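K.L.:
entry-v9.cif is reproduced below (mmCIF, N, CA, C and O atoms).
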data_model
loop_
_atom_site.label_atom_id
_atom_site.label_comp_id
_atom_site.auth_asym_id
_atom_site.auth_seq_id
_atom_site.Cartn_x
_atom_site.Cartn_y
_atom_site.Cartn_z
N MET A 1468 9.47 36.81 -32.68
CA MET A 1468 10.22 36.13 -31.64
C MET A 1468 9.39 35.99 -30.38
O MET A 1468 9.60 35.06 -29.63
N ALA A 1469 8.45 36.90 -30.14
CA ALA A 1469 7.63 36.82 -28.93
C ALA A 1469 6.77 35.57 -28.92
O ALA A 1469 6.47 35.03 -27.88
N GLY A 1470 6.37 35.09 -30.09
CA GLY A 1470 5.53 33.90 -30.16
C GLY A 1470 6.29 32.60 -29.97
O GLY A 1470 5.70 31.53 -29.89
N LEU A 1471 7.58 32.68 -29.88
CA LEU A 1471 8.40 31.48 -29.76
C LEU A 1471 8.12 30.72 -28.47
O LEU A 1471 8.08 29.49 -28.46
N PHE A 1472 7.89 31.42 -27.37
CA PHE A 1472 7.70 30.78 -26.08
C PHE A 1472 6.24 30.78 -25.62
O PHE A 1472 5.95 30.38 -24.52
N SER A 1473 5.32 31.26 -26.43
CA SER A 1473 3.93 31.30 -26.01
C SER A 1473 3.23 30.00 -26.38
O SER A 1473 3.66 29.25 -27.24
N GLY A 1474 2.12 29.74 -25.69
CA GLY A 1474 1.33 28.55 -25.99
C GLY A 1474 1.81 27.34 -25.24
O GLY A 1474 2.75 27.37 -24.46
N SER A 1475 1.13 26.24 -25.48
CA SER A 1475 1.48 24.99 -24.80
C SER A 1475 2.41 24.17 -25.68
O SER A 1475 2.46 24.35 -26.89
N PRO A 1476 3.13 23.24 -25.07
CA PRO A 1476 4.03 22.40 -25.87
C PRO A 1476 3.24 21.53 -26.84
O PRO A 1476 2.09 21.17 -26.59
N LYS A 1477 3.85 21.19 -27.93
CA LYS A 1477 3.19 20.40 -28.95
C LYS A 1477 3.22 18.91 -28.66
O LYS A 1477 2.54 18.14 -29.30
N HIS A 1478 4.01 18.49 -27.69
CA HIS A 1478 4.09 17.07 -27.35
C HIS A 1478 4.34 16.92 -25.86
O HIS A 1478 4.78 17.84 -25.20
N GLU A 1479 4.07 15.73 -25.36
CA GLU A 1479 4.29 15.44 -23.94
C GLU A 1479 5.78 15.37 -23.63
O GLU A 1479 6.57 14.95 -24.48
N ALA A 1480 6.14 15.73 -22.43
CA ALA A 1480 7.53 15.59 -22.00
C ALA A 1480 7.84 14.11 -21.80
O ALA A 1480 6.98 13.35 -21.34
N PRO A 1481 9.03 13.66 -22.16
CA PRO A 1481 9.37 12.24 -21.96
C PRO A 1481 9.50 11.91 -20.49
O PRO A 1481 9.76 12.78 -19.65
N GLU A 1482 9.32 10.64 -20.16
CA GLU A 1482 9.50 10.17 -18.79
C GLU A 1482 10.98 10.32 -18.41
O GLU A 1482 11.85 10.14 -19.25
N PRO A 1483 11.27 10.64 -17.14
CA PRO A 1483 12.67 10.74 -16.74
C PRO A 1483 13.36 9.38 -16.81
O PRO A 1483 12.73 8.34 -16.59
N LEU A 1484 14.63 9.39 -17.16
CA LEU A 1484 15.39 8.16 -17.23
C LEU A 1484 15.74 7.69 -15.82
O LEU A 1484 16.11 8.49 -14.97
N GLU A 1485 15.62 6.43 -15.59
CA GLU A 1485 16.03 5.85 -14.31
C GLU A 1485 17.08 4.80 -14.60
O GLU A 1485 17.08 4.16 -15.64
N GLY A 1486 17.97 4.63 -13.68
CA GLY A 1486 19.04 3.66 -13.85
C GLY A 1486 19.90 3.65 -12.62
O GLY A 1486 19.49 4.10 -11.55
N PRO A 1487 21.12 3.18 -12.76
CA PRO A 1487 22.02 3.14 -11.60
C PRO A 1487 22.58 4.53 -11.29
O PRO A 1487 23.75 4.82 -11.54
N VAL A 1488 21.73 5.40 -10.76
CA VAL A 1488 22.09 6.80 -10.56
C VAL A 1488 23.25 6.94 -9.57
O VAL A 1488 24.20 7.69 -9.82
N VAL A 1489 23.18 6.22 -8.45
CA VAL A 1489 24.23 6.34 -7.44
C VAL A 1489 25.57 5.91 -8.02
O VAL A 1489 26.59 6.60 -7.86
N ALA A 1490 25.59 4.79 -8.73
CA ALA A 1490 26.84 4.31 -9.34
C ALA A 1490 27.37 5.30 -10.37
O ALA A 1490 28.58 5.51 -10.48
N THR A 1491 26.48 5.91 -11.12
CA THR A 1491 26.90 6.88 -12.13
C THR A 1491 27.55 8.10 -11.48
O THR A 1491 28.61 8.56 -11.94
N ILE A 1492 26.96 8.61 -10.41
CA ILE A 1492 27.52 9.78 -9.73
C ILE A 1492 28.85 9.43 -9.07
O ILE A 1492 29.80 10.22 -9.12
N ILE A 1493 28.94 8.25 -8.46
CA ILE A 1493 30.20 7.82 -7.86
C ILE A 1493 31.28 7.71 -8.93
O ILE A 1493 32.41 8.18 -8.75
N GLY A 1494 30.93 7.11 -10.07
CA GLY A 1494 31.90 6.99 -11.16
C GLY A 1494 32.38 8.34 -11.67
O GLY A 1494 33.57 8.55 -11.90
N GLY A 1495 31.45 9.27 -11.84
CA GLY A 1495 31.82 10.61 -12.29
C GLY A 1495 32.70 11.33 -11.30
O GLY A 1495 33.66 12.02 -11.68
N THR A 1496 32.41 11.17 -10.01
CA THR A 1496 33.23 11.80 -8.97
C THR A 1496 34.64 11.24 -8.99
O THR A 1496 35.63 11.99 -8.87
N ILE A 1497 34.76 9.93 -9.15
CA ILE A 1497 36.08 9.30 -9.23
C ILE A 1497 36.86 9.83 -10.44
O ILE A 1497 38.06 10.13 -10.34
N VAL A 1498 36.18 9.99 -11.56
CA VAL A 1498 36.84 10.51 -12.77
C VAL A 1498 37.36 11.93 -12.53
O VAL A 1498 38.50 12.26 -12.88
N TRP A 1499 36.52 12.80 -11.92
CA TRP A 1499 36.96 14.17 -11.65
C TRP A 1499 38.19 14.21 -10.75
O TRP A 1499 39.15 14.95 -11.01
N PHE A 1500 38.17 13.41 -9.67
CA PHE A 1500 39.33 13.39 -8.77
C PHE A 1500 40.56 12.78 -9.45
O PHE A 1500 41.68 13.24 -9.24
N ALA A 1501 40.36 11.77 -10.28
CA ALA A 1501 41.48 11.17 -11.00
C ALA A 1501 42.10 12.20 -11.95
O ALA A 1501 43.33 12.30 -12.05
N LEU A 1502 41.26 12.96 -12.65
CA LEU A 1502 41.79 14.00 -13.54
C LEU A 1502 42.57 15.05 -12.74
O LEU A 1502 43.62 15.53 -13.20
N PHE A 1503 42.08 15.40 -11.57
CA PHE A 1503 42.81 16.35 -10.73
C PHE A 1503 44.18 15.79 -10.35
O PHE A 1503 45.21 16.47 -10.48
N LEU A 1504 44.20 14.55 -9.89
CA LEU A 1504 45.46 13.95 -9.44
C LEU A 1504 46.45 13.75 -10.59
O LEU A 1504 47.66 13.91 -10.40
N VAL A 1505 45.95 13.42 -11.79
CA VAL A 1505 46.83 13.24 -12.94
C VAL A 1505 47.46 14.57 -13.35
O VAL A 1505 48.63 14.61 -13.76
N GLN A 1506 46.72 15.66 -13.24
CA GLN A 1506 47.24 16.97 -13.65
C GLN A 1506 48.09 17.64 -12.59
O GLN A 1506 48.89 18.54 -12.91
N LEU A 1507 47.95 17.22 -11.34
CA LEU A 1507 48.65 17.88 -10.24
C LEU A 1507 50.17 17.94 -10.41
O LEU A 1507 50.77 18.99 -10.15
N PRO A 1508 50.85 16.88 -10.90
CA PRO A 1508 52.31 16.99 -11.08
C PRO A 1508 52.73 18.04 -12.12
O PRO A 1508 53.88 18.47 -12.13
N PHE A 1509 51.80 18.45 -12.97
CA PHE A 1509 52.11 19.42 -14.02
C PHE A 1509 51.64 20.83 -13.65
O PHE A 1509 51.46 21.67 -14.52
N TYR A 1510 51.48 21.07 -12.35
CA TYR A 1510 50.98 22.37 -11.90
C TYR A 1510 51.84 23.52 -12.43
O TYR A 1510 51.30 24.55 -12.85
N GLY A 1511 53.14 23.35 -12.45
CA GLY A 1511 54.03 24.41 -12.94
C GLY A 1511 53.75 24.76 -14.39
O GLY A 1511 53.71 25.94 -14.76
N TRP A 1512 53.55 23.76 -15.22
CA TRP A 1512 53.25 24.01 -16.64
C TRP A 1512 51.92 24.73 -16.77
O TRP A 1512 51.79 25.69 -17.54
N PHE A 1513 50.91 24.26 -16.01
CA PHE A 1513 49.60 24.92 -16.07
C PHE A 1513 49.70 26.37 -15.60
O PHE A 1513 49.10 27.25 -16.20
N ASP A 1514 50.50 26.62 -14.56
CA ASP A 1514 50.66 27.97 -14.04
C ASP A 1514 51.38 28.86 -15.06
O ASP A 1514 50.98 30.01 -15.27
N ASP A 1515 52.40 28.32 -15.71
CA ASP A 1515 53.15 29.10 -16.71
C ASP A 1515 52.26 29.50 -17.90
O ASP A 1515 52.46 30.55 -18.51
N HIS A 1516 51.33 28.65 -18.25
CA HIS A 1516 50.49 28.89 -19.43
C HIS A 1516 49.11 29.44 -19.09
O HIS A 1516 48.26 29.58 -19.97
N GLY A 1517 48.88 29.76 -17.82
CA GLY A 1517 47.60 30.35 -17.42
C GLY A 1517 46.44 29.37 -17.44
O GLY A 1517 45.30 29.77 -17.69
N HIS A 1518 46.72 28.08 -17.20
CA HIS A 1518 45.67 27.07 -17.26
C HIS A 1518 45.43 26.38 -15.91
O HIS A 1518 44.94 25.26 -15.87
N THR A 1519 45.75 27.05 -14.81
CA THR A 1519 45.54 26.40 -13.52
C THR A 1519 44.06 26.16 -13.24
O THR A 1519 43.71 25.29 -12.43
N TRP A 1520 43.19 26.87 -13.93
CA TRP A 1520 41.75 26.66 -13.76
C TRP A 1520 41.36 25.23 -14.13
O TRP A 1520 40.35 24.72 -13.64
N TRP A 1521 42.15 24.56 -14.98
CA TRP A 1521 41.85 23.16 -15.33
C TRP A 1521 41.91 22.29 -14.08
O TRP A 1521 41.05 21.45 -13.86
N LEU A 1522 42.94 22.48 -13.27
CA LEU A 1522 43.06 21.70 -12.04
C LEU A 1522 41.93 22.01 -11.09
O LEU A 1522 41.32 21.09 -10.51
N TRP A 1523 41.65 23.30 -10.90
CA TRP A 1523 40.62 23.67 -9.92
C TRP A 1523 39.23 23.27 -10.40
O TRP A 1523 38.36 22.97 -9.58
N THR A 1524 39.02 23.21 -11.70
CA THR A 1524 37.75 22.72 -12.23
C THR A 1524 37.57 21.25 -11.89
O THR A 1524 36.48 20.82 -11.47
N CYS A 1525 38.63 20.47 -12.05
CA CYS A 1525 38.55 19.04 -11.71
C CYS A 1525 38.33 18.84 -10.21
O CYS A 1525 37.54 17.98 -9.80
N LEU A 1526 39.00 19.64 -9.39
CA LEU A 1526 38.81 19.53 -7.94
C LEU A 1526 37.39 19.93 -7.56
O LEU A 1526 36.75 19.27 -6.73
N ALA A 1527 36.88 20.98 -8.17
CA ALA A 1527 35.50 21.40 -7.90
C ALA A 1527 34.51 20.33 -8.36
O ALA A 1527 33.52 20.05 -7.66
N GLY A 1528 34.76 19.71 -9.51
CA GLY A 1528 33.90 18.63 -9.97
C GLY A 1528 33.87 17.47 -9.00
O GLY A 1528 32.82 16.88 -8.74
N GLY A 1529 35.02 17.12 -8.46
CA GLY A 1529 35.08 16.05 -7.46
C GLY A 1529 34.37 16.44 -6.18
O GLY A 1529 33.63 15.63 -5.60
N GLY A 1530 34.56 17.67 -5.74
CA GLY A 1530 33.89 18.13 -4.52
C GLY A 1530 32.38 18.17 -4.68
O GLY A 1530 31.63 17.74 -3.81
N LEU A 1531 31.92 18.69 -5.82
CA LEU A 1531 30.48 18.71 -6.08
C LEU A 1531 29.94 17.30 -6.25
O LEU A 1531 28.78 17.03 -5.94
N GLY A 1532 30.80 16.40 -6.74
CA GLY A 1532 30.40 15.00 -6.85
C GLY A 1532 30.08 14.40 -5.50
O GLY A 1532 29.15 13.59 -5.37
N PHE A 1533 30.84 14.78 -4.46
CA PHE A 1533 30.54 14.29 -3.11
C PHE A 1533 29.15 14.75 -2.66
O PHE A 1533 28.40 13.99 -2.05
N ILE A 1534 28.82 15.99 -2.97
CA ILE A 1534 27.48 16.49 -2.65
C ILE A 1534 26.44 15.70 -3.45
O ILE A 1534 25.39 15.32 -2.92
N GLY A 1535 26.74 15.43 -4.71
CA GLY A 1535 25.84 14.64 -5.54
C GLY A 1535 25.64 13.23 -5.01
O GLY A 1535 24.52 12.70 -5.05
N ILE A 1536 26.70 12.60 -4.53
CA ILE A 1536 26.59 11.25 -3.96
C ILE A 1536 25.65 11.28 -2.76
O ILE A 1536 24.76 10.44 -2.62
N TRP A 1537 25.86 12.25 -1.87
CA TRP A 1537 25.00 12.38 -0.70
C TRP A 1537 23.54 12.58 -1.12
O TRP A 1537 22.63 11.95 -0.58
N TYR A 1538 23.32 13.43 -2.11
CA TYR A 1538 21.96 13.73 -2.57
C TYR A 1538 21.29 12.51 -3.19
O TYR A 1538 20.16 12.17 -2.83
N VAL A 1539 21.95 11.84 -4.13
CA VAL A 1539 21.29 10.73 -4.83
C VAL A 1539 21.12 9.51 -3.93
O VAL A 1539 20.18 8.74 -4.12
N ARG A 1540 22.01 9.33 -2.95
CA ARG A 1540 21.80 8.22 -2.01
C ARG A 1540 20.55 8.48 -1.16
O ARG A 1540 19.76 7.57 -0.93
N GLY A 1541 20.35 9.71 -0.73
CA GLY A 1541 19.13 10.06 0.01
C GLY A 1541 17.89 9.92 -0.85
O GLY A 1541 16.86 9.42 -0.41
N ARG A 1542 17.99 10.36 -2.10
CA ARG A 1542 16.86 10.24 -3.03
C ARG A 1542 16.53 8.78 -3.29
O ARG A 1542 15.36 8.39 -3.29
N ASP A 1543 17.55 7.96 -3.50
CA ASP A 1543 17.35 6.54 -3.75
C ASP A 1543 16.69 5.87 -2.55
O ASP A 1543 15.77 5.07 -2.70
N ALA A 1544 17.14 6.21 -1.34
CA ALA A 1544 16.54 5.64 -0.13
C ALA A 1544 15.08 6.07 0.01
O ALA A 1544 14.22 5.26 0.38
N ALA A 1545 14.78 7.33 -0.30
CA ALA A 1545 13.40 7.82 -0.21
C ALA A 1545 12.51 7.11 -1.23
O ALA A 1545 11.36 6.77 -0.92
N LEU A 1546 13.01 6.89 -2.44
CA LEU A 1546 12.23 6.17 -3.44
C LEU A 1546 11.95 4.74 -3.02
O LEU A 1546 10.86 4.21 -3.23
N LYS A 1547 12.95 4.10 -2.41
CA LYS A 1547 12.75 2.72 -1.94
C LYS A 1547 11.73 2.67 -0.80
O LYS A 1547 10.90 1.77 -0.75
N ARG A 1548 11.80 3.64 0.11
CA ARG A 1548 10.82 3.69 1.21
C ARG A 1548 9.42 3.91 0.66
O ARG A 1548 8.45 3.30 1.12
N ALA A 1549 9.29 4.78 -0.34
CA ALA A 1549 7.98 5.06 -0.92
C ALA A 1549 7.43 3.83 -1.65
O ALA A 1549 6.22 3.58 -1.62
N ALA A 1550 8.29 3.07 -2.28
CA ALA A 1550 7.85 1.87 -2.99
C ALA A 1550 7.41 0.78 -2.02
O ALA A 1550 6.52 -0.01 -2.33
N GLU A 1551 8.00 0.74 -0.84
CA GLU A 1551 7.67 -0.28 0.15
C GLU A 1551 6.49 0.11 1.04
O GLU A 1551 5.91 -0.74 1.69
N ALA A 1552 6.14 1.38 1.07
CA ALA A 1552 5.06 1.85 1.93
C ALA A 1552 3.72 1.34 1.40
O ALA A 1552 3.52 1.23 0.20
N PRO A 1553 2.80 1.02 2.31
CA PRO A 1553 1.48 0.58 1.84
C PRO A 1553 0.74 1.71 1.15
O PRO A 1553 0.92 2.89 1.49
N GLU A 1554 -0.06 1.35 0.19
CA GLU A 1554 -0.84 2.33 -0.56
C GLU A 1554 -1.89 2.94 0.37
O GLU A 1554 -2.61 2.23 1.06
N PRO A 1555 -2.03 4.27 0.43
CA PRO A 1555 -3.04 4.88 1.31
C PRO A 1555 -4.44 4.56 0.80
O PRO A 1555 -4.66 4.39 -0.40
N ASP A 1556 -5.41 4.50 1.72
CA ASP A 1556 -6.79 4.23 1.37
C ASP A 1556 -7.35 5.46 0.67
O ASP A 1556 -7.38 6.55 1.23
N ARG A 1557 -7.80 5.30 -0.56
CA ARG A 1557 -8.31 6.42 -1.35
C ARG A 1557 -9.84 6.43 -1.41
O ARG A 1557 -10.41 7.13 -2.23
N SER A 1558 -10.51 5.65 -0.58
CA SER A 1558 -11.97 5.65 -0.60
C SER A 1558 -12.46 6.96 0.01
O SER A 1558 -11.82 7.53 0.89
N PRO A 1559 -13.63 7.42 -0.44
CA PRO A 1559 -14.15 8.68 0.12
C PRO A 1559 -14.45 8.54 1.60
O PRO A 1559 -14.87 7.49 2.08
N ALA A 1560 -14.20 9.61 2.32
CA ALA A 1560 -14.46 9.61 3.76
C ALA A 1560 -15.97 9.57 4.01
O ALA A 1560 -16.74 10.16 3.25
N PRO A 1561 -16.40 8.87 5.06
CA PRO A 1561 -17.84 8.85 5.36
C PRO A 1561 -18.33 10.24 5.74
O PRO A 1561 -17.60 11.02 6.36
N SER A 1562 -19.54 10.53 5.37
CA SER A 1562 -20.08 11.85 5.69
C SER A 1562 -20.44 11.94 7.17
O SER A 1562 -20.67 10.93 7.83
N ALA A 1563 -20.52 13.12 7.69
CA ALA A 1563 -20.81 13.36 9.11
C ALA A 1563 -22.30 13.36 9.38
O ALA A 1563 -22.73 13.66 10.47
N ASP A 1564 -23.14 13.07 8.39
CA ASP A 1564 -24.61 13.09 8.58
C ASP A 1564 -25.08 12.03 9.50
O ASP A 1564 -24.92 10.97 9.67
#
Please express the file's structure as C-alpha coordinates.
P.N.:
Amino acid sequence: MAGLFSGSPKHEAPEPLEGPVVATIIGGTIVWFALFLVQLPFYGWFDDHGHTWWLWTCLAGGGLGFIGIWYVRGRDAALKRAAEAPEPDRSPAPSAD
(Lines of atoms letter the chains of each structure in order from A and count residues from 1; the text may use other names and numbers.)
(Lines give C-alpha, C1' and ligand atoms only; values in the text may rest on other atoms or scores of the structure.)
Protein backbone atom coordinates (compact mmCIF):
# COMPACT_ATOMS: atom_id res chain seq x y z
CA MET A 1 0.00 0.00 0.00
CA ALA A 2 2.94 2.35 0.61
CA GLY A 3 3.84 2.23 -3.09
CA LEU A 4 0.39 3.39 -4.11
CA PHE A 5 1.21 7.10 -3.77
CA SER A 6 4.92 7.04 -4.57
CA GLY A 7 6.47 8.03 -7.88
CA SER A 8 5.30 10.36 -10.58
CA PRO A 9 1.95 10.21 -12.34
CA LYS A 10 1.77 8.00 -15.40
CA HIS A 11 0.00 10.63 -17.51
CA GLU A 12 -0.36 14.39 -17.77
CA ALA A 13 -3.16 16.11 -15.89
CA PRO A 14 -5.97 17.27 -18.21
CA GLU A 15 -6.44 20.95 -18.95
CA PRO A 16 -9.03 22.64 -16.70
CA LEU A 17 -12.47 23.02 -18.21
CA GLU A 18 -13.52 26.55 -19.08
CA GLY A 19 -17.01 27.68 -19.83
CA PRO A 20 -19.75 29.93 -18.53
CA VAL A 21 -18.52 29.66 -14.94
CA VAL A 22 -20.35 32.72 -13.60
CA ALA A 23 -23.66 31.59 -15.12
CA THR A 24 -23.17 28.08 -13.74
CA ILE A 25 -22.56 29.35 -10.20
CA ILE A 26 -25.52 31.73 -10.39
CA GLY A 27 -27.74 28.88 -11.62
CA GLY A 28 -26.60 26.59 -8.83
CA THR A 29 -27.19 29.29 -6.22
CA ILE A 30 -30.71 29.85 -7.53
CA VAL A 31 -31.40 26.11 -7.36
CA TRP A 32 -30.20 25.90 -3.72
CA PHE A 33 -32.39 28.84 -2.67
CA ALA A 34 -35.36 27.47 -4.61
CA LEU A 35 -34.99 24.12 -2.83
CA PHE A 36 -34.89 25.95 0.50
CA LEU A 37 -38.03 27.93 -0.30
CA VAL A 38 -39.92 24.87 -1.59
CA GLN A 39 -39.15 22.92 1.60
CA LEU A 40 -39.83 25.80 4.00
CA PRO A 41 -43.65 25.26 4.19
CA PHE A 42 -42.97 21.67 5.31
CA TYR A 43 -40.73 22.68 8.22
CA GLY A 44 -43.04 20.95 10.72
CA TRP A 45 -42.82 17.63 8.89
CA PHE A 46 -39.04 17.90 8.63
CA ASP A 47 -38.83 18.76 12.35
CA ASP A 48 -41.07 15.82 13.32
CA HIS A 49 -38.93 13.38 11.34
CA GLY A 50 -35.53 14.81 12.30
CA HIS A 51 -34.77 16.11 8.81
CA THR A 52 -34.47 19.86 9.38
CA TRP A 53 -30.85 19.60 8.24
CA TRP A 54 -32.25 19.31 4.68
CA LEU A 55 -33.52 22.88 4.88
CA TRP A 56 -30.36 24.23 6.47
CA THR A 57 -28.22 22.43 3.90
CA CYS A 58 -30.12 24.17 1.09
CA LEU A 59 -29.81 27.53 2.84
CA ALA A 60 -26.08 26.99 3.37
CA GLY A 61 -25.69 26.00 -0.29
CA GLY A 62 -27.38 29.23 -1.35
CA GLY A 63 -25.28 31.30 1.04
CA LEU A 64 -22.05 29.69 -0.12
CA GLY A 65 -23.26 30.23 -3.67
CA PHE A 66 -23.24 33.99 -3.04
CA ILE A 67 -19.60 33.71 -1.99
CA GLY A 68 -18.96 31.64 -5.12
CA ILE A 69 -20.61 34.28 -7.34
CA TRP A 70 -18.41 36.98 -5.82
CA TYR A 71 -15.30 34.81 -6.28
CA VAL A 72 -15.89 33.71 -9.89
CA ARG A 73 -16.89 37.22 -11.01
CA GLY A 74 -13.58 38.52 -9.64
CA ARG A 75 -11.70 35.64 -11.25
CA ASP A 76 -13.44 36.21 -14.58
CA ALA A 77 -12.59 39.93 -14.48
CA ALA A 78 -8.95 39.16 -13.65
CA LEU A 79 -8.71 36.70 -16.55
CA LYS A 80 -10.17 39.29 -18.93
CA ARG A 81 -7.71 41.94 -17.71
CA ALA A 82 -4.81 39.51 -18.17
CA ALA A 83 -5.95 38.66 -21.69
CA GLU A 84 -6.16 42.35 -22.63
CA ALA A 85 -2.82 43.33 -21.07
CA PRO A 86 0.12 43.74 -23.44
CA GLU A 87 2.62 40.91 -23.47
CA PRO A 88 5.71 41.83 -21.36
CA ASP A 89 9.03 42.16 -23.20
CA ARG A 90 10.89 38.88 -22.67
CA SER A 91 14.15 39.90 -24.35
CA PRO A 92 17.26 39.57 -22.20
CA ALA A 93 18.24 42.68 -20.30
CA PRO A 94 21.33 44.49 -21.61
CA SER A 95 24.45 43.81 -19.62
CA ALA A 96 25.98 46.52 -17.42
CA ASP A 97 29.41 46.17 -19.13
K.L.:
DSSP on the backbone, then: every residue of chain A marked helix (DSSP H, G or I), written as a VMD selection string.
P.N.:
chain A and resid 1469 to 1471 1488 to 1515 1519 to 1551
K.L.:
Run the PyMOL selection byres ((chain A and resi 1497-1506) around 7) on the file and write out the hits as a PyMOL selection string.
P.N.:
chain A and resi 1491-1496+1507-1511+1513+1521-1522+1524-1526+1528-1530
K.L.:
Go ahead and compute the interatomic distance for atom N of Val1488 in chain A and atom N of Ala1550 in chain A, in Å to one decimal.
P.N.:
16.1 Å
K.L.:
For atom C of Ala1544 in chain A and atom N of Pro1487 in chain A, determine how far apart the two atoms are, in Å to one decimal place.
P.N.:
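Atom C of Ala1544 in chain A sits 14.4 Å away from atom N of Pro1487 in chain A.
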K.L.:
Quote the spacing between atom O of Ala1527 in chain A and atom N of Ala1549 in chain A in Å to one decimal place.
P.N.:
29.6 Å
